[in-house]
Structure formats: structure tokens, C-alpha cells
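> coords-v6.csv (CSV, C-alpha atoms) pasted underneath:
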```csv
chain,number,residue,atom,x,y,z
A,1174,MET,CA,-7.6,17.7,-3.1
A,1175,THR,CA,-4.2,18.6,-1.6
A,1176,GLN,CA,-4.5,19.2,2.2
A,1177,VAL,CA,-2.8,22.1,3.9
A,1178,VAL,CA,-0.6,21.7,7.0
A,1179,THR,CA,0.4,24.8,8.9
A,1180,ILE,CA,3.8,25.2,10.7
A,1181,ALA,CA,4.7,27.9,13.2
A,1182,LEU,CA,8.3,28.1,14.3
A,1183,ALA,CA,10.0,29.6,17.4
A,1184,ALA,CA,13.7,30.6,17.9
A,1185,ASP,CA,14.0,28.4,21.0
A,1186,GLY,CA,13.5,25.1,19.0
A,1187,ARG,CA,9.8,24.8,19.4
A,1188,SER,CA,7.4,24.3,16.5
A,1189,TRP,CA,3.7,23.8,16.0
A,1190,VAL,CA,2.5,21.5,13.2
A,1191,ASP,CA,-1.3,21.9,12.8
A,1192,GLY,CA,-1.3,23.1,16.4
A,1193,THR,CA,0.7,20.2,17.9
A,1194,GLU,CA,3.8,21.4,19.7
A,1195,LEU,CA,7.1,19.8,18.9
A,1196,THR,CA,10.6,20.6,20.4
A,1197,ALA,CA,14.0,20.2,18.8
A,1198,ALA,CA,16.6,18.6,21.0
A,1199,ASP,CA,19.2,21.3,20.2
A,1200,GLY,CA,16.8,24.2,21.0
A,1201,THR,CA,17.6,26.1,17.8
A,1202,LEU,CA,15.5,27.5,15.0
A,1203,PRO,CA,17.2,25.2,12.4
A,1204,GLY,CA,16.4,22.3,14.7
A,1205,ALA,CA,12.8,23.4,14.9
A,1206,ARG,CA,12.6,23.5,11.1
A,1207,ALA,CA,14.0,20.0,10.8
A,1208,VAL,CA,11.7,18.5,13.4
A,1209,ALA,CA,8.6,20.2,11.9
A,1210,LEU,CA,9.5,19.1,8.4
A,1211,GLU,CA,10.0,15.5,9.5
A,1212,GLU,CA,6.5,15.6,11.1
A,1213,VAL,CA,5.0,16.9,7.8
A,1214,ARG,CA,6.7,14.1,5.9
A,1215,ARG,CA,5.2,11.6,8.4
A,1216,LEU,CA,1.8,13.1,7.8
A,1217,ALA,CA,2.1,13.0,4.0
A,1218,ARG,CA,3.2,9.3,4.2
A,1219,GLN,CA,0.3,8.5,6.6
A,1220,ARG,CA,-2.2,10.2,4.4
A,1221,ARG,CA,-0.6,8.8,1.3
A,1222,ARG,CA,-1.1,12.0,-0.7
A,1223,PRO,CA,0.8,15.3,-1.1
A,1224,VAL,CA,0.2,18.1,1.4
A,1225,ARG,CA,0.7,21.8,1.1
A,1226,VAL,CA,2.7,23.5,3.8
A,1227,ASP,CA,2.3,27.0,5.0
A,1228,ALA,CA,5.2,27.8,7.4
A,1229,THR,CA,5.8,30.9,9.5
A,1230,ASP,CA,9.2,31.9,10.9
A,1231,PRO,CA,9.5,33.8,14.3
A,1232,ASP,CA,10.0,37.0,12.4
A,1233,GLY,CA,6.8,36.6,10.5
A,1234,ALA,CA,8.3,35.4,7.2
A,1235,ARG,CA,6.2,32.8,5.4
A,1236,TRP,CA,7.3,29.8,3.4
A,1237,ARG,CA,5.0,27.7,1.2
A,1238,PHE,CA,6.0,24.4,-0.3
A,1239,LEU,CA,4.7,20.9,-1.0
A,1240,VAL,CA,5.6,17.5,0.5
A,1241,ASP,CA,4.6,14.4,-1.5
A,1242,ALA,CA,3.6,11.0,-0.2
A,1243,ASP,CA,7.2,9.8,-0.4
A,1244,GLY,CA,8.5,12.8,1.7
A,1245,HIS,CA,10.0,14.8,-1.1
A,1246,VAL,CA,9.8,18.6,-0.9
A,1247,HIS,CA,8.6,20.6,-4.0
A,1248,GLU,CA,7.9,24.2,-4.9
A,1249,PRO,CA,4.2,25.1,-4.8
A,1250,GLU,CA,4.1,25.3,-8.7
A,1251,ALA,CA,4.7,21.6,-8.8
A,1252,ALA,CA,1.2,20.8,-7.5
A,1253,PRO,CA,-0.3,19.9,-10.9
A,1254,LEU,CA,2.6,17.5,-11.5
A,1255,LEU,CA,2.0,15.5,-8.3
A,1256,THR,CA,-0.4,12.6,-8.5
A,1257,ASP,CA,-3.0,12.5,-5.8
A,1258,ASP,CA,-3.3,8.7,-6.0
A,1259,PRO,CA,-3.1,7.3,-2.5
A,1260,ASP,CA,-4.0,3.8,-3.6
A,1261,ALA,CA,-1.7,3.7,-6.6
A,1262,CYS,CA,-4.5,3.1,-9.1
A,1263,VAL,CA,-2.6,4.7,-11.9
A,1264,VAL,CA,0.6,3.1,-13.2
A,1265,PRO,CA,3.5,5.7,-13.0
A,1266,ALA,CA,5.0,6.6,-16.3
A,1267,GLU,CA,8.4,5.2,-15.3
A,1268,HIS,CA,6.9,1.8,-14.6
A,1269,ARG,CA,4.5,1.4,-17.5
A,1270,GLU,CA,6.9,-0.5,-19.7
A,1271,ALA,CA,7.6,-3.0,-16.9
A,1272,VAL,CA,3.9,-3.5,-16.2
A,1273,ALA,CA,3.1,-3.8,-19.9
A,1274,ALA,CA,5.8,-6.5,-20.2
A,1275,VAL,CA,4.2,-8.5,-17.4
A,1276,VAL,CA,0.7,-8.2,-18.9
A,1277,ALA,CA,2.0,-9.1,-22.4
A,1278,ALA,CA,3.7,-12.2,-21.1
A,1279,ILE,CA,0.5,-13.3,-19.3
A,1280,GLU,CA,-1.7,-12.7,-22.3
A,1281,SER,CA,0.5,-14.4,-24.8
A,1282,GLY,CA,0.5,-17.7,-23.0
A,1283,GLN,CA,2.8,-20.2,-24.8
A,1284,GLY,CA,4.6,-20.9,-21.6
A,1285,ARG,CA,5.5,-17.3,-21.0
A,1286,GLU,CA,3.5,-17.0,-17.8
A,1287,HIS,CA,6.6,-17.9,-15.8
A,1288,VAL,CA,8.4,-15.0,-17.5
A,1289,ALA,CA,5.5,-12.8,-16.2
A,1290,ILE,CA,6.0,-14.0,-12.6
A,1291,LYS,CA,9.8,-13.3,-12.8
A,1292,ALA,CA,9.2,-9.8,-14.2
A,1293,ALA,CA,6.5,-9.0,-11.7
A,1294,ARG,CA,8.8,-10.1,-8.9
A,1295,GLN,CA,11.6,-7.9,-10.2
A,1296,LEU,CA,9.2,-4.9,-10.4
A,1297,GLU,CA,8.1,-5.6,-6.8
A,1298,GLU,CA,11.7,-5.6,-5.6
A,1299,ASP,CA,12.6,-2.4,-7.5
A,1300,LEU,CA,9.6,-0.6,-6.0
A,1301,THR,CA,10.4,-1.9,-2.5
A,1302,ALA,CA,14.0,-0.6,-2.8
A,1303,GLN,CA,12.6,2.8,-4.0
A,1304,HIS,CA,9.7,3.3,-1.7
A,1305,GLY,CA,9.9,0.7,1.1
A,1306,ALA,CA,7.8,-2.3,1.9
A,1307,GLY,CA,4.1,-1.7,2.3
A,1308,HIS,CA,4.0,1.3,-0.1
A,1309,PRO,CA,0.9,1.3,-2.3
A,1310,LYS,CA,3.0,0.9,-5.4
A,1311,VAL,CA,4.6,-2.1,-3.9
A,1312,LEU,CA,1.2,-3.6,-3.0
A,1313,ARG,CA,0.0,-3.2,-6.5
A,1314,ALA,CA,3.1,-5.0,-7.7
A,1315,VAL,CA,2.3,-7.8,-5.3
A,1316,GLU,CA,-1.2,-8.1,-6.7
A,1317,LEU,CA,0.2,-8.2,-10.3
A,1318,ARG,CA,2.5,-11.0,-9.3
A,1319,ALA,CA,-0.4,-12.8,-7.7
A,1320,HIS,CA,-2.4,-12.6,-10.9
A,1321,ALA,CA,0.6,-14.0,-12.9
A,1322,VAL,CA,1.0,-16.8,-10.4
A,1323,TYR,CA,-2.7,-17.7,-10.7
A,1324,VAL,CA,-2.5,-17.8,-14.5
A,1325,CYS,CA,0.3,-20.3,-14.1
A,1326,GLY,CA,-2.1,-22.6,-12.3
A,1327,MET,CA,-1.0,-21.9,-8.7
A,1328,PRO,CA,-4.1,-20.6,-6.9
A,1329,SER,CA,-2.8,-21.3,-3.4
A,1330,ILE,CA,0.3,-19.1,-3.9
A,1331,ALA,CA,-1.8,-16.4,-5.6
A,1332,CYS,CA,-4.3,-16.5,-2.6
A,1333,GLU,CA,-1.4,-16.1,-0.2
A,1334,LEU,CA,0.0,-13.1,-2.2
A,1335,TYR,CA,-3.4,-11.4,-2.2
A,1336,LEU,CA,-3.7,-11.9,1.5
A,1337,ASP,CA,-0.3,-10.3,1.9
A,1338,ALA,CA,-1.6,-7.4,-0.2
A,1339,ALA,CA,-4.8,-7.2,1.9
A,1340,ASP,CA,-2.8,-7.0,5.1
A,1341,GLY,CA,-0.8,-4.1,3.6
A,1342,TRP,CA,-3.8,-2.2,2.4
A,1343,ARG,CA,-5.5,-2.7,5.8
A,1344,ALA,CA,-2.4,-1.3,7.6
A,1345,LEU,CA,-2.7,1.8,5.3
A,1346,GLY,CA,-6.5,2.1,6.0
A,1347,SER,CA,-7.1,1.8,2.3
A,1348,PRO,CA,-10.4,0.6,0.7
A,1349,ALA,CA,-8.2,-1.5,-1.7
A,1350,HIS,CA,-8.0,-3.9,1.2
A,1351,ARG,CA,-11.5,-5.2,0.5
A,1352,GLU,CA,-10.8,-6.0,-3.2
A,1353,ALA,CA,-7.6,-7.8,-2.4
A,1354,LEU,CA,-9.4,-9.9,0.3
A,1355,GLN,CA,-12.3,-10.8,-2.1
A,1356,ARG,CA,-9.7,-12.1,-4.6
A,1357,ALA,CA,-8.0,-14.1,-2.0
A,1358,TYR,CA,-11.3,-15.6,-0.9
A,1359,ALA,CA,-12.2,-16.5,-4.5
A,1360,LEU,CA,-8.8,-18.1,-5.1
A,1361,TRP,CA,-8.9,-20.2,-1.9
A,1362,HIS,CA,-12.0,-21.9,-3.1
A,1363,ARG,CA,-10.2,-22.8,-6.4
A,1364,ILE,CA,-7.5,-24.7,-4.7
A,1365,VAL,CA,-8.0,-28.4,-5.7
A,1366,ASP,CA,-4.6,-30.0,-6.0
A,1367,GLU,CA,-2.8,-28.9,-2.8
A,1368,PRO,CA,-2.3,-31.0,0.3
A,1369,SER,CA,-5.3,-30.5,2.7
A,1370,ALA,CA,-3.0,-29.4,5.5
A,1371,GLY,CA,-1.7,-26.5,3.5
A,1372,THR,CA,-5.2,-25.5,2.3
A,1373,VAL,CA,-6.4,-25.6,5.9
A,1374,TRP,CA,-3.6,-23.4,7.1
A,1375,LEU,CA,-4.3,-20.9,4.3
A,1376,GLY,CA,-8.0,-21.0,5.1
A,1377,GLN,CA,-7.3,-20.2,8.7
A,1378,ARG,CA,-5.3,-17.2,7.7
A,1379,LEU,CA,-8.1,-16.2,5.4
A,1380,VAL,CA,-10.6,-16.4,8.3
A,1381,GLU,CA,-8.4,-14.1,10.4
A,1382,ALA,CA,-8.2,-11.6,7.6
A,1383,LEU,CA,-12.0,-11.7,7.1
A,1384,GLU,CA,-12.6,-11.3,10.8
A,1385,ALA,CA,-10.7,-8.0,10.6
A,1386,GLY,CA,-13.2,-6.9,8.0
A,1387,GLY,CA,-16.1,-6.6,10.4
A,1388,PRO,CA,-19.5,-8.2,10.8
A,1389,GLN,CA,-20.3,-8.0,7.0
A,1390,ALA,CA,-17.9,-10.8,6.5
A,1391,GLN,CA,-19.7,-13.4,8.6
A,1392,GLU,CA,-21.2,-15.3,5.8
A,1393,ALA,CA,-17.9,-15.7,4.0
A,1394,ILE,CA,-16.2,-16.7,7.3
A,1395,ARG,CA,-18.9,-19.5,7.8
A,1396,ALA,CA,-18.3,-20.7,4.2
A,1397,VAL,CA,-14.5,-21.0,4.8
A,1398,LEU,CA,-14.9,-22.7,8.2
A,1399,ALA,CA,-17.3,-25.2,6.7
A,1400,GLN,CA,-14.8,-26.1,4.0
A,1401,ILE,CA,-12.0,-26.3,6.5
A,1402,ASP,CA,-14.0,-28.8,8.5
A,1403,ARG,CA,-14.6,-30.9,5.3
A,1404,LEU,CA,-10.9,-30.8,4.5
A,1405,ARG,CA,-9.9,-32.0,8.0
A,1406,LEU,CA,-12.1,-35.1,7.5
A,1407,GLU,CA,-10.4,-36.1,4.3
```
Would you mind writing the file out in C-alpha cells?

Amino acid sequence: MTQVVTIALAADGRSWVDGTELTAADGTLPGARAVALEEVRRLARQRRRPVRVDATDPDGARWRFLVDADGHVHEPEAAPLLTDDPDACVVPAEHREAVAAVVAAIESGQGREHVAIKAARQLEEDLTAQHGAGHPKVLRAVELRAHAVYVCGMPSIACELYLDAADGWRALGSPAHREALQRAYALWHRIVDEPSAGTVWLGQRLVEALEAGGPQAQEAIRAVLAQIDRLRLE
């Protein structure tokens, strides 16, 4: 459901966004509008979903519009066209072809897995340039590359990528953090042909990520620590 943010504007440069007072440095009404809009954009990015805006000018005139999770402003009629998908679970139409190419390369085998890694990396770079690092769409691309890397027989690199994604999801407060962390945990236990020192380092990073997950992760933490101790004795 699209959330509503209210804005009240004053001619002296003040504005109130959901009751929080803000002040424009130039003390003007246009400045107040700019400051209030930037705050709404921040809220939409933080909530990772579109917000409806109900703004009131000093003379009582009202303005209604939408701000999406990327900070773009839309007319109210655009609401049905905006995807309320904060965790990027749905592949956007403009990226379906690129994602399909990665998946096809993975599934075909025949040495094309490395093609999948390259394509996934390109998709990740394109999305980062468009949305910025840490955006949910970028994190999904990181996870896609992690899967391609794993299929190529590199579980340690895949584990590290899933940990990167888990860190990003946790910073966003997303439940997708748990799934990425579970995959990193499973992959770490599949590392068999890496130097022990590298596996230990990655295990320590995994423990730190698990500790941030709360007390329910204690059993998994103990399992990783036990394996780290065994590796150090080798």
C-alpha cells in the first residue's frame, strides 16, 4: 500500500513534512518547496517504496503527486504503474532480457557458465550506475552473479558475494537479508579446495554476519566456529 506524506509550506522558507519542521537556507517559498521535496525523496528511498504526497501552500492551494523509491516525481494517476516492490522480487521489464541471458547461460552448461558470470557482472554495473550501490535491484544482481559463480565451481567467491548482498539487505532493514545469509552459510560449508587461511577468514566474516542476526543464529555460529577450529589445526 502506498503511504501518504503530508507537506505544509510557509512563505518564510519553513516547511513541515509529516509534522517535522524544516527550514530553507534562503528563507523563501521556493526554497521551502525544494527542501520539503528532498526530504520526501529521502523518505521514499528509505522506505524503498513509492509515497503519495499531499502538499499545502501558504495560500491553501493543495498539490498531490507521487515520489517513487528512486526519488522521481509522478502525477497521482501513475500510481498503478509504480511497482511497490521494496525488495526487488520482480525483475523489471527493461532488465528481463539481460537476466534471461544469464539464466540461459547457466542452464545450458557447455562451458557457458563463465559467460553467465560476465553478463551478471555487467548487469550489476549497469544497475549500480542507474540506481547507486546498495539499491535492492543491485543486490539482486549481486545474488545472481553469486549463483553463476557457484555453478562455475567457486563456492568461496559465491559465499563472499552472498555475504556482500546480506550486508546490503541488512543496511536496508530488509527480510531478504536472512535468505542471503543462509545461502552464504550453506556455501561456506561446501568450500573444499581453497587454502585453509582463506576459508578461515571467510568463516570469521560469516560469524560476524550471523551475530548481527540475533540469538536465533547461535547454533549456526557454533557450527562455523567449530569448523574454523578444525581448519586451523590442519
> With all atoms listed in the file as the counted atoms, please give the residues lying no more than 6 Å from region 1237-1252 of chain A, apart from itself and same-chain residues fewer than 3 positions off, as a VMD selection string.
chain A and resid 1214 1217 to 1218 1221 to 1227 1255
> Which is closest to Trp1189 (chain A) among A:Ala1228, A:Leu1312, A:Ala1390, A:Leu1216, if we use only C-alpha atoms?
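The closest residue to Trp1189 (chain A) is A:Ala1228.
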> Here is a test: counting all atoms listed in the file, which residue of A:Val1208, A:Ala1319, A:Cys1262, A:Val1397 is nearest to Leu1379 (chain A)?
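The closest residue to Leu1379 (chain A) is A:Val1397.
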> Let me make sure I understand: among A:Leu1375, A:Ala1338, A:Leu1404, A:Leu1195, which one has the smallest atom-to-atom distance to His1308 (chain A) if we use all atoms listed in the file?
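Counting all atoms listed in the file, the residue closest to His1308 (chain A) is A:Ala1338.
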> Every residue with an atom at most 7 Å from (9.6, 25.8, 6.7) (file coordinates; only C-alpha atoms) is what I'm after, so could you write them as a PyMOL selection string?
chain A and resi 1206+1210+1228-1229+1236
> With all atoms listed in the file as the counted atoms, please give the residues lying no more than 10 Å from Glu1333 (chain A), apart from itself and same-chain residues fewer than 2 positions off, as number ranges by chain.
A: 1319, 1328-1331, 1335-1339, 1357-1358, 1360-1361, 1375-1376, 1378-1379
> Quote the spacing between CA of Glu1384 (chain A) and CA of Ile1401 (chain A) in Å to one decimal place.
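Distance reported for this atom pair: 15.6 Å.
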> Using all atoms listed in the file for the distances, tell me which of A:Ile1290, A:Gly1341, A:Ser1347, A:Ala1353 is nearest to Val1324 (chain A).
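Nearest to Val1324 (chain A): A:Ile1290.
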> Quote the spacing between CA of Ala1382 (chain A) and CA of Val1322 (chain A) in Å to one decimal place.
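Separating CA of Ala1382 (chain A) from CA of Val1322 (chain A) is a distance of 20.9 Å.
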> Can you tell me, as a tab-separated table (two decimals) with C-alpha atoms, in the coordinates of the input, what residues are no more than 9 Å from Ala1205 (chain A) when counting all atoms listed in the file, ignoring any on the same chain fewer than 6 positions away?

```tsv
chain	number	residue	atom	x	y	z
A	1182	LEU	CA	8.30	28.10	14.30
A	1183	ALA	CA	10.00	29.60	17.40
A	1184	ALA	CA	13.70	30.60	17.90
A	1185	ASP	CA	14.00	28.40	21.00
A	1186	GLY	CA	13.50	25.10	19.00
A	1187	ARG	CA	9.80	24.80	19.40
A	1188	SER	CA	7.40	24.30	16.50
A	1195	LEU	CA	7.10	19.80	18.90
A	1196	THR	CA	10.60	20.60	20.40
A	1197	ALA	CA	14.00	20.20	18.80
A	1198	ALA	CA	16.60	18.60	21.00
A	1199	ASP	CA	19.20	21.30	20.20
```
> Quick one: pull the distance between CA of Val1263 (chain A) and CA of Ala1292 (chain A), Å, one decimal.
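CA of Ala1292 (chain A) lies at a distance of 18.8 Å from CA of Val1263 (chain A).
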> Go through A:Val1275, A:Gln1355, A:Asp1230, A:Arg1215 one by one, measure the shortest atom-to-atom distance of each to Ile1180 (chain A) using all atoms listed in the file, and give the residue with the smallest value.
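Selected residue with least distance to Ile1180 (chain A): A:Asp1230.
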> Between A:Asp1402, A:Glu1392, A:Asp1260, A:Glu1286, single out the one closest to Glu1352 (chain A), counting all atoms listed in the file.
A:Asp1260
> Show which residues sit within 9 Å of Val1288 (chain A), as a PDB file with C-alpha atoms, keeping the file's coordinate frame. Count all atoms listed in the file, and ignore same-chain residues fewer than 3 positions away.

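The result, written out as around_7.pdb:
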```pdb
ATOM      1  CA  VAL A1275       4.200  -8.500 -17.400  1.00  0.00           C
ATOM      2  CA  ALA A1278       3.700 -12.200 -21.100  1.00  0.00           C
ATOM      3  CA  ILE A1279       0.500 -13.300 -19.300  1.00  0.00           C
ATOM      4  CA  GLY A1284       4.600 -20.900 -21.600  1.00  0.00           C
ATOM      5  CA  ARG A1285       5.500 -17.300 -21.000  1.00  0.00           C
ATOM      6  CA  LYS A1291       9.800 -13.300 -12.800  1.00  0.00           C
ATOM      7  CA  ALA A1292       9.200  -9.800 -14.200  1.00  0.00           C
ATOM      8  CA  ALA A1293       6.500  -9.000 -11.700  1.00  0.00           C
TER       9      ALA A1293
END
```
> Might you pull out every residue within 8 Å of Glu1297 (chain A), with only C-alpha atoms counted and same-chain residues fewer than 5 positions away left off, and present them as a VMD selection string?
chain A and resid 1311 1314 to 1315
> With C-alpha atoms kept, could you save the residues just selected as a short mmCIF file (atom, residue, chain, number, x, y, z; two decimals), in the frame of the given file?

```cif
data_model
loop_
_atom_site.label_atom_id
_atom_site.label_comp_id
_atom_site.auth_asym_id
_atom_site.auth_seq_id
_atom_site.Cartn_x
_atom_site.Cartn_y
_atom_site.Cartn_z
CA VAL A 1311 4.60 -2.10 -3.90
CA ALA A 1314 3.10 -5.00 -7.70
CA VAL A 1315 2.30 -7.80 -5.30
#
```
